[in-house]
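**Student:** Structure: model17.cif, mmCIF, C-alpha atoms.
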data_start
#
loop_
_atom_site.label_atom_id
_atom_site.label_comp_id
_atom_site.auth_asym_id
_atom_site.auth_seq_id
_atom_site.Cartn_x
_atom_site.Cartn_y
_atom_site.Cartn_z
CA MET O 1 -8.56 1.42 179.55
CA MET O 2 -5.48 0.34 177.63
CA SER O 3 -2.84 2.94 177.00
CA GLY O 4 -2.13 4.13 173.47
CA ASN O 5 1.34 2.62 173.68
CA ALA O 6 -0.13 -0.76 174.58
CA LEU O 7 -2.42 -0.69 171.57
CA ARG O 8 0.43 0.32 169.26
CA ASP O 9 2.59 -2.51 170.61
CA LEU O 10 -0.15 -5.04 169.88
CA ASN O 11 -0.40 -4.00 166.27
CA THR O 12 3.34 -4.12 165.60
CA LEU O 13 5.55 -7.16 165.96
CA PRO O 14 9.24 -6.42 165.32
CA ALA O 15 10.81 -8.50 162.60
CA SER O 16 13.29 -9.89 165.10
CA GLU O 17 10.39 -11.36 167.09
CA ARG O 18 8.96 -13.10 164.04
CA LYS O 19 12.13 -15.13 163.40
CA ASN O 20 12.34 -18.68 164.61
CA ASP O 21 14.83 -19.35 167.37
CA SER O 22 15.92 -22.98 167.42
CA SER O 23 17.60 -22.76 170.80
CA SER O 24 15.74 -23.16 174.06
CA LYS O 25 18.93 -22.88 176.08
CA GLY O 26 19.92 -19.90 178.11
CA ASN O 27 23.58 -19.70 177.15
CA PHE O 28 24.98 -16.58 175.53
CA THR O 29 28.48 -17.03 174.15
CA LYS O 30 30.53 -14.01 175.16
CA THR O 31 33.24 -14.84 172.64
CA CYS O 32 32.99 -16.47 169.25
CA ASN O 33 36.42 -17.60 168.02
CA GLY O 34 37.90 -14.38 169.35
CA ASN O 35 34.89 -12.24 168.44
CA THR O 36 32.68 -10.72 171.11
CA ILE O 37 28.92 -10.95 170.68
CA GLU O 38 28.96 -7.33 169.60
CA ASN O 39 31.45 -8.18 166.85
CA VAL O 40 29.31 -11.10 165.73
CA GLU O 41 26.38 -8.73 165.46
CA GLU O 42 28.46 -6.36 163.36
CA LEU O 43 29.28 -9.27 161.05
CA GLN O 44 25.63 -10.14 160.89
CA LYS O 45 24.82 -6.63 159.71
CA LYS O 46 27.18 -7.18 156.78
CA ASN O 47 25.82 -10.66 156.10
CA PRO O 48 22.44 -11.08 157.80
CA SER O 49 22.06 -14.76 157.02
CA SER O 50 25.20 -16.21 158.60
CA VAL O 51 28.62 -15.63 160.12
CA CYS O 52 31.70 -17.83 160.10
CA ILE O 53 32.83 -19.14 163.47
CA ASN O 54 34.79 -22.01 165.00
CA GLY O 55 37.34 -22.39 162.23
CA GLY O 56 35.03 -21.94 159.30
CA GLU O 57 31.72 -23.41 160.48
CA THR O 58 28.90 -21.25 159.18
CA VAL O 59 25.85 -20.74 161.42
CA ASN O 60 22.96 -18.38 161.61
CA ALA O 61 24.06 -15.44 163.77
CA ALA O 62 20.70 -15.17 165.54
CA VAL O 63 20.94 -18.81 166.61
CA GLU O 64 24.55 -18.38 167.78
CA VAL O 65 23.60 -15.34 169.83
CA ALA O 66 20.93 -17.45 171.51
CA ASN O 67 23.66 -19.64 173.03
CA SER O 68 24.57 -17.88 176.24
CA GLU O 69 26.44 -18.11 179.46
CA VAL O 70 23.45 -16.59 181.22
CA GLU O 71 21.64 -19.15 183.33
CA TYR O 72 17.87 -19.03 183.63
CA ILE O 73 17.26 -19.63 187.32
CA GLU O 74 13.88 -20.94 188.45
CA SER O 75 12.23 -18.91 191.21
CA GLU O 76 12.57 -21.63 193.82
CA ASN O 77 16.34 -21.75 193.21
CA LEU O 78 16.98 -18.04 193.69
CA GLY O 79 18.91 -17.18 196.84
CA ASP O 80 18.54 -14.13 199.05
CA LEU O 81 20.66 -11.00 198.68
CA GLU O 82 23.52 -10.15 201.02
CA ASP O 83 23.18 -6.34 200.82
CA VAL O 84 19.55 -5.37 200.17
CA ASN O 85 20.00 -1.61 200.44
CA THR O 86 22.87 -1.48 197.96
CA CYS O 87 20.92 -3.69 195.59
CA LEU O 88 17.89 -1.38 195.79
CA GLU O 89 20.06 1.63 194.99
CA LYS O 90 21.47 -0.08 191.90
CA LEU O 91 18.18 -1.42 190.50
CA LEU O 92 17.11 1.45 188.26
CA PRO O 93 20.61 2.26 186.92
CA GLY O 94 21.19 -1.44 186.29
CA LEU O 95 17.97 -1.83 184.30
CA GLU O 96 18.76 1.31 182.29
CA SER O 97 22.28 0.09 181.46
CA LYS O 98 23.37 -0.60 177.87
CA ASP O 99 25.34 -3.60 179.18
CA TRP O 100 22.92 -6.50 178.57
CA VAL O 101 24.75 -8.77 181.03
CA LEU O 102 24.24 -6.19 183.79
CA VAL O 103 20.57 -5.86 182.81
CA VAL O 104 20.08 -9.62 183.17
CA GLU O 105 21.85 -9.61 186.52
CA THR O 106 19.69 -6.72 187.72
CA LEU O 107 16.48 -8.42 186.56
CA ASN O 108 17.41 -11.45 188.63
CA ASN O 109 17.93 -9.15 191.59
CA VAL O 110 14.44 -7.73 191.02
CA ARG O 111 13.21 -11.31 191.23
CA ARG O 112 15.09 -11.89 194.49
CA LEU O 113 13.70 -8.71 195.99
CA SER O 114 10.17 -9.70 194.94
CA ILE O 115 10.55 -13.03 196.67
CA PHE O 116 12.51 -12.11 199.80
CA HIS O 117 12.01 -8.36 200.28
CA ARG O 118 8.62 -7.51 198.83
CA GLU O 119 7.91 -4.52 201.06
CA GLU O 120 11.29 -2.87 200.53
CA MET O 121 10.78 -2.75 196.74
CA HIS O 122 7.07 -1.90 196.79
CA SER O 123 7.52 1.87 196.58
CA MET O 124 9.69 1.50 193.45
CA LEU O 125 7.10 -0.33 191.33
CA GLY O 126 6.03 2.78 189.43
CA ASP O 127 9.61 3.36 188.23
CA LEU O 128 10.49 -0.31 187.98
CA ILE O 129 7.70 -1.68 185.79
CA PRO O 130 8.46 0.53 182.72
CA LEU O 131 12.07 -0.69 182.79
CA VAL O 132 10.96 -4.33 183.02
CA VAL O 133 8.69 -3.64 180.03
CA LYS O 134 11.69 -2.16 178.21
CA SER O 135 13.58 -5.41 178.82
CA LEU O 136 10.58 -7.42 177.58
CA LYS O 137 10.92 -5.55 174.28
CA ASN O 138 14.66 -6.27 174.07
CA PRO O 139 15.55 -8.31 170.96
CA ARG O 140 18.16 -10.26 172.94
CA SER O 141 16.58 -13.53 173.99
CA ALA O 142 18.46 -13.70 177.31
CA VAL O 143 17.22 -10.26 178.37
CA CYS O 144 13.69 -10.88 177.13
CA LYS O 145 13.26 -14.27 178.77
CA THR O 146 14.73 -13.09 182.08
CA ALA O 147 12.32 -10.13 182.00
CA ILE O 148 9.44 -12.55 181.44
CA MET O 149 10.52 -14.60 184.45
CA THR O 150 10.83 -11.35 186.41
CA SER O 151 7.25 -10.46 185.47
CA ALA O 152 6.02 -13.78 186.84
CA ASP O 153 7.79 -13.24 190.17
CA ILE O 154 6.43 -9.70 190.39
CA PHE O 155 2.89 -11.00 189.80
CA SER O 156 3.34 -13.55 192.57
CA ALA O 157 4.65 -10.95 194.99
CA TYR O 158 2.40 -7.96 194.39
CA ASN O 159 -0.92 -9.34 193.14
CA ASP O 160 -3.52 -6.56 192.85
CA ASP O 161 -0.96 -3.87 193.69
CA LEU O 162 0.14 -4.20 190.05
CA ILE O 163 -3.23 -3.45 188.50
CA GLU O 164 -2.46 0.18 187.65
CA PHE O 165 0.79 -0.91 185.94
CA LEU O 166 -0.65 -4.02 184.29
CA ASP O 167 -1.45 -2.86 180.73
CA PRO O 168 2.12 -2.56 179.37
CA LEU O 169 3.16 -5.83 181.04
CA LEU O 170 0.09 -7.63 179.76
CA VAL O 171 0.46 -6.52 176.15
CA GLN O 172 4.11 -7.58 176.01
CA LEU O 173 3.43 -10.97 177.58
CA LEU O 174 0.59 -11.59 175.13
CA LEU O 175 2.93 -10.68 172.27
CA LYS O 176 5.75 -12.88 173.54
CA SER O 177 3.41 -15.82 174.15
CA SER O 178 2.21 -15.52 170.54
CA GLN O 179 5.57 -15.49 168.75
CA ASP O 180 7.62 -18.27 167.19
CA LYS O 181 10.54 -18.43 169.62
CA ARG O 182 9.41 -21.46 171.54
CA PHE O 183 11.41 -21.01 174.73
CA VAL O 184 10.37 -17.35 174.97
CA CYS O 185 6.77 -18.27 174.13
CA GLU O 186 6.64 -20.96 176.83
CA ALA O 187 8.09 -18.63 179.46
CA ALA O 188 5.50 -15.97 178.58
CA GLU O 189 2.68 -18.50 178.82
CA ARG O 190 3.86 -19.48 182.30
CA ALA O 191 3.98 -15.80 183.32
CA LEU O 192 0.40 -15.32 182.08
CA GLU O 193 -0.69 -18.34 184.11
CA VAL O 194 0.90 -16.83 187.21
CA MET O 195 -0.88 -13.55 186.46
CA THR O 196 -4.30 -15.23 186.29
CA THR O 197 -3.74 -16.96 189.63
CA SER O 198 -2.26 -13.89 191.35
CA VAL O 199 -4.35 -10.92 190.24
CA PHE O 200 -7.95 -10.74 191.52
CA PRO O 201 -10.22 -11.63 188.57
CA MET O 202 -12.66 -8.78 189.19
CA SER O 203 -9.76 -6.44 188.37
CA LEU O 204 -8.11 -8.62 185.72
CA LEU O 205 -11.07 -9.52 183.50
CA PRO O 206 -11.75 -5.95 182.31
CA LYS O 207 -8.07 -5.68 181.40
CA LEU O 208 -8.18 -8.88 179.36
CA GLN O 209 -11.48 -8.28 177.60
CA PRO O 210 -10.27 -5.81 174.92
CA TYR O 211 -7.62 -8.30 173.76
CA LEU O 212 -10.34 -10.85 172.98
CA LYS O 213 -11.19 -8.72 169.95
CA ASN O 214 -7.63 -8.04 168.83
CA ARG O 215 -7.01 -8.43 165.11
CA ASN O 216 -4.14 -10.85 165.76
CA PRO O 217 -5.77 -14.31 166.23
CA ARG O 218 -2.88 -15.58 168.36
CA ILE O 219 -3.28 -12.65 170.74
CA ARG O 220 -7.01 -13.40 170.95
CA ALA O 221 -6.28 -17.05 171.71
CA LYS O 222 -3.86 -16.31 174.55
CA ALA O 223 -6.23 -13.71 176.01
CA SER O 224 -9.14 -16.17 175.77
CA MET O 225 -7.18 -18.78 177.69
CA CYS O 226 -6.34 -16.27 180.42
CA PHE O 227 -9.96 -15.11 180.58
CA SER O 228 -11.26 -18.68 180.85
CA ARG O 229 -8.78 -19.51 183.64
CA SER O 230 -9.60 -16.37 185.58
CA VAL O 231 -13.41 -16.55 185.65
CA PRO O 232 -13.74 -19.63 187.95
CA ARG O 233 -11.69 -17.80 190.58
CA LEU O 234 -14.59 -15.39 190.99
CA GLY O 235 -16.75 -18.09 192.55
CA ILE O 236 -20.53 -18.22 192.21
CA GLU O 237 -21.18 -14.90 193.93
CA GLY O 238 -18.38 -13.17 192.06
CA ILE O 239 -19.64 -14.42 188.69
CA GLN O 240 -23.13 -13.18 189.52
CA GLU O 241 -21.72 -9.82 190.59
CA TYR O 242 -19.60 -9.48 187.45
CA GLY O 243 -22.59 -10.44 185.33
CA ILE O 244 -23.13 -13.95 184.02
CA ASP O 245 -24.96 -12.41 181.05
CA LYS O 246 -21.82 -10.44 180.13
CA LEU O 247 -19.64 -13.51 180.50
CA ILE O 248 -21.83 -15.73 178.34
CA GLN O 249 -21.73 -13.11 175.57
CA VAL O 250 -17.93 -13.06 175.77
CA ALA O 251 -17.72 -16.85 175.61
CA ALA O 252 -20.22 -17.08 172.75
CA SER O 253 -18.21 -14.63 170.67
CA GLN O 254 -15.10 -16.81 171.02
CA LEU O 255 -16.83 -20.02 169.91
CA SER O 256 -16.48 -19.02 166.26
CA ASP O 257 -12.88 -17.81 166.50
CA GLN O 258 -10.48 -19.16 163.88
CA LEU O 259 -7.98 -20.69 166.33
CA PRO O 260 -8.86 -23.87 168.26
CA GLU O 261 -7.29 -22.50 171.47
CA SER O 262 -9.88 -19.70 171.54
CA ARG O 263 -12.74 -22.08 170.84
CA GLU O 264 -11.63 -24.54 173.50
CA ALA O 265 -11.26 -21.74 176.07
CA ALA O 266 -14.80 -20.60 175.19
CA ARG O 267 -16.19 -24.12 175.64
CA THR O 268 -14.49 -24.46 179.03
CA LEU O 269 -15.88 -21.11 180.13
CA LEU O 270 -19.41 -21.94 178.94
CA LEU O 271 -19.47 -25.19 180.93
CA GLU O 272 -18.34 -23.27 184.01
CA LEU O 273 -21.06 -20.66 183.48
CA GLN O 274 -23.72 -23.33 182.97
CA THR O 275 -22.75 -25.02 186.24
CA VAL O 276 -22.82 -21.72 188.11
CA TYR O 277 -26.16 -20.70 186.59
CA GLU O 278 -27.86 -23.98 187.43
CA LYS O 279 -26.45 -24.07 190.96
CA SER O 280 -27.52 -20.50 191.64
CA ASN O 281 -31.03 -21.23 190.34
CA GLY O 282 -31.39 -24.59 192.06
CA LEU O 283 -31.63 -26.46 188.74
CA SER O 284 -30.66 -30.05 188.03
CA THR O 285 -27.72 -30.69 185.70
CA THR O 286 -29.67 -33.54 184.06
CA ILE O 287 -31.81 -32.95 181.00
CA PRO O 288 -35.27 -31.78 182.14
CA GLU O 289 -38.39 -33.22 180.54
CA GLN O 290 -40.11 -29.83 180.54
CA PRO O 291 -37.91 -26.73 180.08
CA GLU O 292 -38.59 -24.07 182.69
CA MET O 293 -38.62 -20.34 182.20
CA ASN O 294 -35.45 -20.01 184.28
CA SER O 295 -33.70 -22.90 182.55
CA TRP O 296 -30.22 -22.60 181.05
CA GLU O 297 -31.73 -22.91 177.58
CA HIS O 298 -34.13 -20.06 178.17
CA PHE O 299 -31.38 -17.93 179.69
CA CYS O 300 -29.12 -18.43 176.65
CA GLN O 301 -31.93 -17.67 174.22
CA SER O 302 -32.83 -14.50 176.12
CA LYS O 303 -29.26 -13.14 176.22
CA LEU O 304 -27.87 -14.17 172.83
CA SER O 305 -28.79 -14.00 169.18
CA PRO O 306 -30.52 -17.14 167.88
CA LEU O 307 -27.37 -18.39 166.12
CA SER O 308 -25.14 -17.73 169.13
CA ALA O 309 -27.63 -19.36 171.51
CA GLN O 310 -27.80 -22.41 169.26
CA ALA O 311 -24.00 -22.71 169.21
CA VAL O 312 -23.75 -22.34 173.00
CA LEU O 313 -26.50 -24.87 173.68
CA ARG O 314 -24.90 -27.33 171.28
CA VAL O 315 -21.69 -27.18 173.35
CA THR O 316 -23.33 -27.40 176.78
CA ASN O 317 -25.94 -30.01 175.80
CA ILE O 318 -23.32 -32.35 174.34
CA ALA O 319 -21.30 -32.10 177.56
CA ARG O 320 -24.39 -32.62 179.70
CA GLU O 321 -25.57 -35.61 177.67
CA GLY O 322 -22.11 -37.10 178.10
CA LEU O 323 -22.45 -36.77 181.86
CA VAL O 324 -25.87 -38.43 181.81
CA ILE O 325 -24.65 -41.33 179.66
CA GLY O 326 -21.60 -41.79 181.85
CA SER O 327 -23.57 -41.77 185.11
#
Hey, can you dump this file as structure tokens for me?
**Tutor:**
Amino acid sequence: MMSGNALRDLNTLPASERKNDSSSKGNFTKTCNGNTIENVEELQKKNPSSVCINGGETVNAAVEVANSEVEYIESENLGDLEDVNTCLEKLLPGLESKDWVLVVETLNNVRRLSIFHREEMHSMLGDLIPLVVKSLKNPRSAVCKTAIMTSADIFSAYNDDLIEFLDPLLVQLLLKSSQDKRFVCEAAERALEVMTTSVFPMSLLPKLQPYLKNRNPRIRAKASMCFSRSVPRLGIEGIQEYGIDKLIQVAASQLSDQLPESREAARTLLLELQTVYEKSNGLSTTIPEQPEMNSWEHFCQSKLSPLSAQAVLRVTNIAREGLVIGS
């Protein structure tokens, strides 16, 4: 079940997250014509639309703050730590710091520990994850994006060990992947992709399913894409164990969603389910002359409402006819 905090987060997007951010760079300017970032932010409070920098040039303060000296380091380029024990001792205080530069540095150390010293950090996950979530909520783009990259590395390192801590991470990544800041959105999408390939789908799918009905269509779309990517990892036996009838109902409900991403994810999932159903029942993927009682058509009609069954069969029959024509 999702926590109450997770549900509240889904229903509230801070105004700062709804603003467009034109910069996809990871550079934060520590000084601005003699002003520190903090001073720029004070100026922005007085005049929210712009501040004067560089000898009179007027720019949007939010865009200027997005130019940083913080480098976003890809996972494969992260080096090992020299003093692991000292780093472990400083993790929690560093993530709790009010110094955003220290928070970013500490998040990158969390990434290094996930990659090079997984076991040493394992016992700290319960205390660590809430602080990573706190950084995901940070309005500063550098902190937020680094926290997203940290989430991806944690998924890769700990897989199913994260399942009890997954809800708050998942809700924030869905939110970030659905906002207008492109470089934050893209990083969150990559983290969600890592999640779907790292966490066992039998554990992940029940976590994703409630978000498929979220009132925010962009949240539904991102959740649908994750759901569709995760199901094939179950394999034929896993899909049968999870319940192909449950999965077809989920996919059918997404076919009529308002966003094309949701509908496309549903179509992809339905084609996967059709293939699995016909393989498990020894059926041909060509169009049969006489429908059988255990045919895909009969299965859809027995599990779905007439309108939903018609929509599902329209999708799968078009794809199957295309295969026949192309063969």
**Student:** How many Å lie between CA of Lys145 (chain O) and CA of Asp80 (chain O), rounded to one decimal?
**Tutor:** 21.0 Å
**Student:** Can you tell me how far CA of Leu234 (chain O) sits from CA of Ser156 (chain O), in Å to one decimal?
**Tutor:**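 According to the coordinates, CA of Leu234 (chain O) and CA of Ser156 (chain O) are separated by 18.1 Å.
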**Student:** So, with all atoms listed in the file as the atoms that count, which of O:Asp83, O:Asp161, O:Asp127, O:Glu71 lies closest to Thr146 (chain O)?
**Tutor:**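 Among the listed residues, O:Glu71 lies closest to Thr146 (chain O).
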**Student:** When distances are computed from all atoms listed in the file, which of O:Phe299, O:Lys246, O:Ser224, O:Ala142 shows the smallest separation from Thr268 (chain O)?
**Tutor:**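 That would be O:Ser224, the residue with the smallest distance to Thr268 (chain O).
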**Student:** Run the PyMOL selection byres ((chain O and resi 220) around 10) against the file shown and list the residues it catches, as a list of chain:residue names.
**Tutor:**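 That selection, the PyMOL selection byres ((chain O and resi 220) around 10), comes back as O:Leu174, O:Ser178, O:Leu208, O:Gln209, O:Pro210, O:Tyr211, O:Leu212, O:Lys213, O:Asn214, O:Arg215, O:Asn216, O:Pro217, O:Arg218, O:Ile219, O:Ala221, O:Lys222, O:Ala223, O:Ser224, O:Met225, O:Cys226, O:Gln254, O:Asp257, O:Gln258, O:Leu259, O:Glu261, O:Ser262.
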**Student:** Just checking: using all atoms listed in the file, which residue out of O:Asp245, O:Ser256, O:Lys207, O:Glu297 ends up closest to Ser230 (chain O)?
**Tutor:**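 Looking at the shortest contact to Ser230 (chain O), the residue is O:Lys207.
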**Student:** Mind giving me the straight-line distance from CA of Ala251 (chain O) to CA of Arg267 (chain O) in Å, one decimal?
**Tutor:**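 CA of Arg267 (chain O) lies 7.4 Å from CA of Ala251 (chain O).
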**Student:** What residues come out when you apply the PyMOL selection byres ((chain O and resi 82) around 12) to this file, written as a PDB file with C-alpha atoms, in the coordinates of the input?
**Tutor:**
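File result_3.pdb, as written:
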ATOM      1  CA  GLY O  79      18.910 -17.180 196.840  1.00  0.00           C
ATOM      2  CA  ASP O  80      18.540 -14.130 199.050  1.00  0.00           C
ATOM      3  CA  LEU O  81      20.660 -11.000 198.680  1.00  0.00           C
ATOM      4  CA  ASP O  83      23.180  -6.340 200.820  1.00  0.00           C
ATOM      5  CA  VAL O  84      19.550  -5.370 200.170  1.00  0.00           C
ATOM      6  CA  ASN O  85      20.000  -1.610 200.440  1.00  0.00           C
ATOM      7  CA  THR O  86      22.870  -1.480 197.960  1.00  0.00           C
ATOM      8  CA  CYS O  87      20.920  -3.690 195.590  1.00  0.00           C
ATOM      9  CA  LEU O  88      17.890  -1.380 195.790  1.00  0.00           C
ATOM     10  CA  ASN O 109      17.930  -9.150 191.590  1.00  0.00           C
ATOM     11  CA  ARG O 112      15.090 -11.890 194.490  1.00  0.00           C
ATOM     12  CA  LEU O 113      13.700  -8.710 195.990  1.00  0.00           C
ATOM     13  CA  PHE O 116      12.510 -12.110 199.800  1.00  0.00           C
ATOM     14  CA  HIS O 117      12.010  -8.360 200.280  1.00  0.00           C
TER      15      HIS O 117
END
**Student:** Report, as lines of an AutoDock Vina configuration file, the axis-aligned box around all atoms of region 107-113 of chain O present in the file, extended by 5 Å on each side; give centre and edge lengths in Å to one decimal place.
**Tutor:**
center_x = 15.6
center_y = -9.8
center_z = 191.3
size_x = 14.7
size_y = 14.2
size_z = 19.4
**Student:** Evaluated on this file, the PyMOL selection byres ((chain O and resi 237-241) around 12) picks out some residues - which ones are they, written as number ranges by chain?
**Tutor:** O: 200-203, 205, 230-236, 242-248, 269, 272-281
**Student:** Do you know which residues lie at most 12 Å from (28.3, -2.0, 191.0), with coordinates as in the file and only C-alpha atoms counted, and could you write them as a PyMOL selection string?
**Tutor:** chain O and resi 83+86-91+93-94+97+102-103+105-106
**Student:** Tell me which protein, DNA and RNA residues are within 12 Å of Lys98 (chain O), counting all atoms listed in the file, leaving out same-chain ones fewer than 5 positions away, and put them as a PyMOL selection string.
**Tutor:** chain O and resi 93+103-104+134-135+138+143
**Student:** Can you work out which one of O:Leu166, O:Phe155, O:Val184, O:Leu95 has the shortest atom-to-atom distance to Arg140 (chain O), counting only C-alpha atoms?
**Tutor:**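 Using only C-alpha atoms, the shortest distance to Arg140 (chain O) belongs to O:Val184.
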**Student:** May I have the protein, DNA and RNA residues with an atom at most 7 Å from (14.6, 2.9, 182.2), counting only C-alpha atoms in the file's coordinates, returned as a PyMOL selection string?
**Tutor:** chain O and resi 92+95-96+130-131
**Student:** Which residues are near Leu270 (chain O)? Cut-off 10 Å, all atoms listed in the file, ignore same chain within fewer than 6 positions. Put them as an MDAnalysis selection string.
**Tutor:** chainID O and resid 228 247:252 255 264 276 312:313 315:316
